[in-house]
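S.K.: Dropping in query-v7.txt, with compact mmCIF, C-alpha atoms.
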```txt
# COMPACT_ATOMS: atom_id res chain seq x y z
CA MET J 1 24.41 21.90 -10.89
CA LYS J 2 23.98 23.11 -14.45
CA LYS J 3 21.13 20.61 -15.02
CA GLN J 4 19.36 21.86 -11.89
CA PHE J 5 19.74 25.45 -13.07
CA ASN J 6 18.32 24.58 -16.51
CA ARG J 7 15.40 22.78 -14.91
CA MET J 8 14.62 25.77 -12.69
CA ARG J 9 14.83 28.05 -15.71
CA GLN J 10 12.40 25.81 -17.61
CA LEU J 11 9.94 25.91 -14.72
CA ALA J 12 10.29 29.68 -14.48
CA ASN J 13 9.62 30.05 -18.20
CA GLN J 14 6.40 28.07 -17.92
CA THR J 15 5.36 29.98 -14.82
CA VAL J 16 5.64 33.36 -16.50
CA GLY J 17 4.12 32.11 -19.73
CA ARG J 18 7.18 32.18 -21.98
CA ALA J 19 6.86 28.43 -22.60
CA GLU J 20 3.43 26.92 -23.24
CA LYS J 21 2.53 24.28 -20.68
CA THR J 22 0.88 21.17 -22.10
CA GLU J 23 -1.60 19.12 -20.08
CA VAL J 24 -1.33 15.57 -21.43
CA LEU J 25 -3.75 13.76 -19.09
CA SER J 26 -7.49 13.67 -19.60
CA ASP J 27 -9.86 15.08 -16.98
CA ASP J 28 -10.72 11.53 -15.92
CA LEU J 29 -7.07 10.69 -15.30
CA LEU J 30 -6.55 13.94 -13.41
CA GLN J 31 -9.34 12.78 -11.07
CA VAL J 32 -7.66 9.38 -10.77
CA GLU J 33 -4.45 11.16 -9.83
CA LYS J 34 -6.23 12.85 -6.92
CA ARG J 35 -7.83 9.57 -5.86
CA LEU J 36 -4.44 7.86 -5.86
CA GLU J 37 -3.26 10.15 -3.08
CA LEU J 38 -6.45 9.67 -1.06
CA VAL J 39 -6.31 5.88 -1.31
CA LYS J 40 -2.63 5.99 -0.39
CA GLN J 41 -3.35 8.01 2.75
CA VAL J 42 -6.25 5.79 3.85
CA SER J 43 -4.35 2.56 3.17
CA HIS J 44 -1.30 3.83 5.05
CA SER J 45 -3.36 4.85 8.10
CA THR J 46 -5.35 1.61 8.11
CA HIS J 47 -2.21 -0.50 7.89
CA LYS J 48 -0.65 1.38 10.79
CA LYS J 49 -3.72 1.02 13.02
CA LEU J 50 -4.30 -2.61 12.02
CA THR J 51 -0.76 -3.72 12.82
CA GLY J 52 -1.07 -1.82 16.10
CA CYS J 53 -3.93 -4.17 17.05
CA LEU J 54 -1.80 -7.30 16.63
CA GLN J 55 -0.50 -8.77 19.88
CA GLY J 56 2.21 -10.92 18.34
CA GLN J 57 5.67 -9.55 17.67
CA GLN J 58 6.05 -9.06 13.93
CA GLY J 59 9.12 -10.07 12.00
CA VAL J 60 10.04 -13.07 14.16
CA ASP J 61 9.57 -16.81 13.61
CA VAL J 62 6.27 -18.41 14.54
CA ASP J 63 7.52 -20.25 17.66
CA LYS J 64 9.10 -17.14 19.14
CA ARG J 65 6.03 -15.10 18.29
CA SER J 66 3.78 -17.64 19.99
CA LYS J 67 5.84 -17.53 23.17
CA LYS J 68 5.60 -13.72 23.28
CA LEU J 69 1.78 -13.68 23.21
CA PRO J 70 0.19 -12.52 26.50
CA LEU J 71 -2.22 -15.47 26.32
CA THR J 72 0.70 -17.89 26.11
CA SER J 73 2.25 -16.33 29.21
CA LEU J 74 -1.08 -16.61 31.00
CA ALA J 75 -1.43 -20.25 29.98
CA GLN J 76 2.06 -21.06 31.24
CA CYS J 77 1.34 -19.31 34.54
CA LEU J 78 -1.86 -21.32 35.03
CA VAL J 79 -0.23 -24.65 34.22
CA GLU J 80 2.67 -23.90 36.56
CA GLY J 81 0.18 -22.88 39.24
CA ALA J 82 -1.64 -26.18 38.79
CA ALA J 83 1.62 -28.07 39.34
CA VAL J 84 2.28 -26.10 42.52
CA LEU J 85 -1.20 -26.67 43.96
CA GLY J 86 -1.39 -30.28 42.82
CA ASP J 87 -3.63 -31.97 40.27
CA ASP J 88 -5.56 -33.73 43.02
CA SER J 89 -7.01 -30.47 44.33
CA LEU J 90 -10.00 -28.71 42.79
CA LEU J 91 -8.09 -25.48 42.31
CA GLY J 92 -5.17 -27.33 40.75
CA LYS J 93 -7.47 -29.13 38.34
CA MET J 94 -9.22 -25.89 37.39
CA LEU J 95 -5.91 -24.12 36.77
CA LYS J 96 -4.71 -26.98 34.58
CA ILE J 97 -7.89 -27.02 32.46
CA CYS J 98 -7.90 -23.24 32.11
CA GLY J 99 -4.19 -23.18 31.31
CA GLU J 100 -4.60 -25.71 28.52
CA THR J 101 -7.60 -23.75 27.21
CA GLU J 102 -5.72 -20.45 27.21
CA ASP J 103 -2.86 -22.10 25.34
CA ARG J 104 -5.25 -23.32 22.64
CA LEU J 105 -6.78 -19.83 22.46
CA ALA J 106 -3.29 -18.42 22.03
CA GLN J 107 -2.70 -20.74 19.07
CA GLU J 108 -5.97 -19.64 17.49
CA LEU J 109 -4.91 -16.02 18.00
CA LEU J 110 -1.53 -16.69 16.43
CA LEU J 111 -3.07 -18.25 13.33
CA PHE J 112 -5.58 -15.40 13.12
CA GLU J 113 -2.90 -12.71 13.27
CA LEU J 114 -0.69 -14.46 10.72
CA GLN J 115 -3.61 -14.61 8.30
CA ILE J 116 -4.48 -10.96 8.92
CA GLU J 117 -0.89 -9.99 8.17
CA ARG J 118 -0.73 -12.08 5.01
CA ASP J 119 -4.14 -11.32 3.52
CA VAL J 120 -4.83 -7.76 4.73
CA ALA J 121 -1.92 -5.89 6.31
CA GLU J 122 0.74 -6.80 3.76
CA PRO J 123 -1.45 -6.05 0.71
CA LEU J 124 -2.37 -2.67 2.23
CA PHE J 125 1.31 -1.92 2.80
CA THR J 126 2.14 -2.88 -0.78
CA LEU J 127 -0.67 -0.68 -2.08
CA SER J 128 0.26 2.41 -0.07
CA GLU J 129 4.04 2.10 -0.08
CA VAL J 130 4.80 0.42 -3.43
CA GLU J 131 2.04 0.34 -6.02
CA ILE J 132 0.67 3.88 -5.68
CA PRO J 133 4.09 5.51 -5.13
CA ASN J 134 5.32 3.82 -8.32
CA ILE J 135 2.46 5.38 -10.27
CA GLN J 136 3.09 8.76 -8.64
CA LYS J 137 6.78 8.50 -9.46
CA GLN J 138 5.87 7.81 -13.06
CA ARG J 139 3.56 10.85 -12.99
CA LYS J 140 6.45 13.04 -11.86
CA HIS J 141 8.61 11.63 -14.62
CA LEU J 142 5.89 12.46 -17.13
CA ALA J 143 5.75 16.03 -15.84
CA LYS J 144 9.50 16.30 -16.43
CA LEU J 145 9.15 14.94 -19.96
CA VAL J 146 6.31 17.39 -20.68
CA LEU J 147 8.53 20.20 -19.45
CA ASP J 148 11.34 19.01 -21.71
CA MET J 149 8.97 18.78 -24.69
CA ASP J 150 7.48 22.22 -24.12
CA SER J 151 10.90 23.79 -23.70
CA ALA J 152 12.20 22.09 -26.85
CA ARG J 153 9.17 23.31 -28.79
CA THR J 154 9.66 26.85 -27.53
CA ARG J 155 13.33 26.80 -28.58
CA TRP J 156 12.40 25.49 -32.00
CA GLN J 157 9.70 28.13 -32.47
CA GLN J 158 12.06 30.91 -31.44
CA SER J 159 14.74 29.59 -33.76
CA SER J 160 12.22 29.31 -36.60
CA LYS J 161 11.28 32.95 -36.29
CA SER J 162 14.88 34.09 -36.57
CA SER J 163 15.86 31.68 -39.36
CA THR J 164 15.82 32.40 -43.06
CA LEU J 165 12.54 31.13 -44.57
CA THR J 166 12.35 29.47 -47.93
CA ASN J 167 8.61 30.16 -47.87
CA LYS J 168 6.13 31.42 -45.31
CA ASP J 169 5.92 28.17 -43.36
CA THR J 170 9.19 26.24 -43.71
CA PRO J 171 12.21 27.31 -41.64
CA THR J 172 15.66 26.43 -42.91
CA GLY J 173 19.00 26.11 -41.29
CA ALA J 174 20.79 23.30 -39.53
CA LYS J 175 20.02 24.72 -36.09
CA ALA J 176 16.28 24.85 -36.72
CA ASP J 177 16.32 21.29 -38.09
CA ALA J 178 18.25 20.04 -35.07
CA LEU J 179 15.87 21.77 -32.71
CA ARG J 180 12.87 20.30 -34.52
CA GLU J 181 14.36 16.83 -34.25
CA GLU J 182 14.99 17.41 -30.54
CA MET J 183 11.38 18.51 -30.10
CA GLU J 184 10.04 15.43 -31.90
CA GLU J 185 12.20 13.09 -29.82
CA ALA J 186 11.06 14.79 -26.63
CA ALA J 187 7.42 14.45 -27.74
CA ASN J 188 7.94 10.76 -28.50
CA ARG J 189 9.43 10.08 -25.06
CA MET J 190 6.56 11.94 -23.46
CA GLU J 191 3.92 9.96 -25.37
CA ILE J 192 5.46 6.62 -24.43
CA CYS J 193 5.51 7.59 -20.75
CA ARG J 194 1.98 9.02 -20.91
CA ASP J 195 0.58 5.85 -22.50
CA GLN J 196 2.18 3.65 -19.83
CA LEU J 197 1.01 5.94 -17.04
CA SER J 198 -2.53 5.98 -18.43
CA ALA J 199 -2.57 2.19 -18.58
CA ASP J 200 -1.35 1.96 -14.97
CA MET J 201 -3.94 4.48 -13.79
CA TYR J 202 -6.81 2.66 -15.49
CA SER J 203 -5.49 -0.60 -14.04
CA PHE J 204 -5.58 0.98 -10.58
CA VAL J 205 -9.22 1.98 -11.10
CA ALA J 206 -10.12 -1.51 -12.32
CA LYS J 207 -8.50 -3.12 -9.25
CA GLU J 208 -10.48 -1.08 -6.72
CA ILE J 209 -12.75 -4.09 -6.19
CA ASP J 210 -9.64 -6.08 -5.20
CA TYR J 211 -8.65 -3.39 -2.73
CA ALA J 212 -12.17 -3.41 -1.26
CA ASN J 213 -11.88 -7.18 -0.80
CA TYR J 214 -9.05 -6.62 1.70
CA PHE J 215 -11.60 -5.22 4.14
CA GLN J 216 -14.12 -7.97 3.48
CA THR J 217 -11.34 -10.44 4.23
CA LEU J 218 -10.60 -8.62 7.48
CA ILE J 219 -14.17 -9.15 8.72
CA GLU J 220 -14.35 -12.73 7.47
CA VAL J 221 -11.11 -13.72 9.18
CA GLN J 222 -12.18 -12.02 12.40
CA ALA J 223 -15.52 -13.83 12.30
CA GLU J 224 -13.83 -17.21 11.80
CA TYR J 225 -11.36 -16.55 14.62
CA HIS J 226 -14.09 -15.60 17.09
CA ARG J 227 -16.24 -18.54 16.01
CA LYS J 228 -13.40 -21.01 16.65
CA SER J 229 -12.53 -19.38 19.96
CA LEU J 230 -16.15 -19.48 21.12
CA GLU J 231 -16.47 -23.12 20.08
CA LEU J 232 -13.34 -23.96 22.04
CA LEU J 233 -14.65 -22.22 25.17
CA GLN J 234 -18.09 -23.79 24.89
CA ASN J 235 -16.54 -27.24 24.59
CA VAL J 236 -14.44 -26.82 27.73
CA LEU J 237 -17.16 -25.32 29.92
CA PRO J 238 -18.91 -28.67 30.60
CA GLN J 239 -15.58 -30.12 31.72
CA ILE J 240 -15.05 -27.21 34.10
CA LYS J 241 -18.57 -27.50 35.49
CA ALA J 242 -18.13 -31.22 35.93
CA GLN J 243 -15.06 -30.63 38.08
CA GLN J 244 -17.06 -28.20 40.19
CA GLY J 245 -19.90 -30.71 40.47
CA GLU J 246 -17.59 -33.50 41.63
CA ASN J 247 -16.26 -31.25 44.37
CA HIS J 248 -19.78 -30.59 45.71
CA GLU J 249 -20.69 -34.29 45.89
```
Any chance you could put this one into structure tokens?
M.R.:
Amino acid sequence: MKKQFNRMRQLANQTVGRAEKTEVLSDDLLQVEKRLELVKQVSHSTHKKLTGCLQGQQGVDVDKRSKKLPLTSLAQCLVEGAAVLGDDSLLGKMLKICGETEDRLAQELLLFELQIERDVAEPLFTLSEVEIPNIQKQRKHLAKLVLDMDSARTRWQQSSKSSTLTNKDTPTGAKADALREEMEEAANRMEICRDQLSADMYSFVAKEIDYANYFQTLIEVQAEYHRKSLELLQNVLPQIKAQQGENHE
């Protein structure tokens, strides 16, 4: 409780101008800080909408997920219908061919969704829920360290003014020395945190091309899935038409 009170008092001192507030990030990094939040919001929304498009149940094993696909249920229904009507009838044969085709389409869909999860959805989740929040958490920690440093400097300056001076510039007294040491330690902790945060922010900027690649991958994987599905359908159409032709003869 006492620590919370001291922290509130420090914030109040800076707010009213009693303690000088230091800005330790460059203008460029302040812009990066704003962009972090924007990228986080966009990545979070995209991940949510993207996973909403997936038909398979997430978080279950592949076999169970495959069985839960609507296409798999349709395929099973068609194959069962073929068995009921008999393979020797035209309708039975058509149901069997279509059922087998829908099952193969379901497998293509399953592989497509698994790849989308692995190469797009999961990286977006990591970006929005892990990587950026970690940087933002570090930014908050830096703000706390800056507050500590500014408060320590203010205490040292106030103590220096009231201490006995050996000359115009050098304060004496054990209290002033202790406060100066506290200020220097606080400044050192702040600088270490600031340097690490700066490195992480610049790394984030440098990796924007990697983040953009997630969306290129999305389109590429979709294109490959639709290409394979179309090829599968085109290959089965002659077989279906042949069955129809035999029935007309």
S.K.: Closest to Lys140 of chain J among J:Arg194, J:Val79, J:Ser229, J:Gly59, using only C-alpha atoms?
M.R.: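 Closest to Lys140 of chain J, using only C-alpha atoms: J:Arg194.
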S.K.: Go ahead and find all residues with at least one atom no further than 12 Å from (-1.3, -12.3, 16.7) in the file's coordinates, using all atoms listed in the file; report them as a JSON list (two decimals) with C-alpha atoms, in the coordinates of the input.
M.R.:
```
[["chain", "number", "residue", "atom", "x", "y", "z"],
["J", 50, "LEU", "CA", -4.30, -2.61, 12.02],
["J", 51, "THR", "CA", -0.76, -3.72, 12.82],
["J", 52, "GLY", "CA", -1.07, -1.82, 16.10],
["J", 53, "CYS", "CA", -3.93, -4.17, 17.05],
["J", 54, "LEU", "CA", -1.80, -7.30, 16.63],
["J", 55, "GLN", "CA", -0.50, -8.77, 19.88],
["J", 56, "GLY", "CA", 2.21, -10.92, 18.34],
["J", 57, "GLN", "CA", 5.67, -9.55, 17.67],
["J", 58, "GLN", "CA", 6.05, -9.06, 13.93],
["J", 59, "GLY", "CA", 9.12, -10.07, 12.00],
["J", 60, "VAL", "CA", 10.04, -13.07, 14.16],
["J", 62, "VAL", "CA", 6.27, -18.41, 14.54],
["J", 63, "ASP", "CA", 7.52, -20.25, 17.66],
["J", 64, "LYS", "CA", 9.10, -17.14, 19.14],
["J", 65, "ARG", "CA", 6.03, -15.10, 18.29],
["J", 66, "SER", "CA", 3.78, -17.64, 19.99],
["J", 67, "LYS", "CA", 5.84, -17.53, 23.17],
["J", 68, "LYS", "CA", 5.60, -13.72, 23.28],
["J", 69, "LEU", "CA", 1.78, -13.68, 23.21],
["J", 70, "PRO", "CA", 0.19, -12.52, 26.50],
["J", 71, "LEU", "CA", -2.22, -15.47, 26.32],
["J", 72, "THR", "CA", 0.70, -17.89, 26.11],
["J", 105, "LEU", "CA", -6.78, -19.83, 22.46],
["J", 106, "ALA", "CA", -3.29, -18.42, 22.03],
["J", 107, "GLN", "CA", -2.70, -20.74, 19.07],
["J", 108, "GLU", "CA", -5.97, -19.64, 17.49],
["J", 109, "LEU", "CA", -4.91, -16.02, 18.00],
["J", 110, "LEU", "CA", -1.53, -16.69, 16.43],
["J", 111, "LEU", "CA", -3.07, -18.25, 13.33],
["J", 112, "PHE", "CA", -5.58, -15.40, 13.12],
["J", 113, "GLU", "CA", -2.90, -12.71, 13.27],
["J", 114, "LEU", "CA", -0.69, -14.46, 10.72],
["J", 115, "GLN", "CA", -3.61, -14.61, 8.30],
["J", 116, "ILE", "CA", -4.48, -10.96, 8.92],
["J", 117, "GLU", "CA", -0.89, -9.99, 8.17],
["J", 118, "ARG", "CA", -0.73, -12.08, 5.01],
["J", 222, "GLN", "CA", -12.18, -12.02, 12.40],
["J", 225, "TYR", "CA", -11.36, -16.55, 14.62]]
```
S.K.: Would you please work out which residue, of J:Leu232, J:Val120, J:Ile192, J:Glu80, is nearest to Asn213 of chain J when using all atoms listed in the file?
M.R.: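 Nearest candidate to Asn213 of chain J out of J:Leu232, J:Val120, J:Ile192, J:Glu80: J:Val120.
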S.K.: Nearest residue to Tyr211 of chain J out of J:Leu38, J:Ala75, J:Leu95, J:Leu124, using all atoms listed in the file?
M.R.: J:Leu124
S.K.: Step by step, gather every atom of segment 55-64 of chain J that the file lists, find the box along x, y and z that holds them, add 8 Å on each side, and finally give centre and edge lengths in Å to one decimal, as lines of an AutoDock Vina configuration file.
M.R.:
```
center_x = 4.8
center_y = -14.5
center_z = 15.9
size_x = 26.5
size_y = 27.5
size_z = 23.9
```
S.K.: Given the choices J:Gln216, J:Ser198, J:Ser43, J:Gln243, which gets closest to Ile135 of chain J if the distance is worked out from all atoms listed in the file?
M.R.: J:Ser198
S.K.: Show which residues sit within 6 Å of Ala186 of chain J, as a ChimeraX atom specification. Count all atoms listed in the file, and ignore same-chain residues fewer than 3 positions away.
M.R.: /J:149,183,189
S.K.: Go through J:His47, J:Val221, J:Asp28, J:Val42 and flag the residue nearest Ala121 of chain J, using only C-alpha atoms for the distances.
M.R.: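 Result for the nearest residue to Ala121 of chain J: J:His47.
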S.K.: Select, from J:Arg227, J:Lys93, J:Lys207, J:Arg104, the residue with the minimum atom-to-atom distance to Leu74 of chain J, counting only C-alpha atoms.
M.R.: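 Going through J:Arg227, J:Lys93, J:Lys207, J:Arg104 one by one, the smallest distance to Leu74 of chain J is for J:Arg104.
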S.K.: To one decimal place in Å, what is the distance between atom CA of Glu33 of chain J and atom CA of Thr154 of chain J?
M.R.: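 We find that atom CA of Glu33 of chain J and atom CA of Thr154 of chain J lie 27.5 Å from each other.
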S.K.: Tell me, in Å to one decimal, how far atom CA of Arg139 of chain J is from atom CA of Met201 of chain J.
M.R.: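 We find that atom CA of Arg139 of chain J and atom CA of Met201 of chain J lie 9.9 Å from each other.
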S.K.: Which value, in Å to one decimal, gives the distance between atom CA of Ala187 of chain J and atom CA of Lys144 of chain J?
M.R.: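 Between these atoms lies a distance of 11.6 Å.
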S.K.: As a PyMOL selection string, please: the residues near Met190 of chain J (cut-off 10 Å, only C-alpha atoms, same-chain neighbours under 3 positions excluded).
M.R.: chain J and resi 24+141-149+184-187+193-195
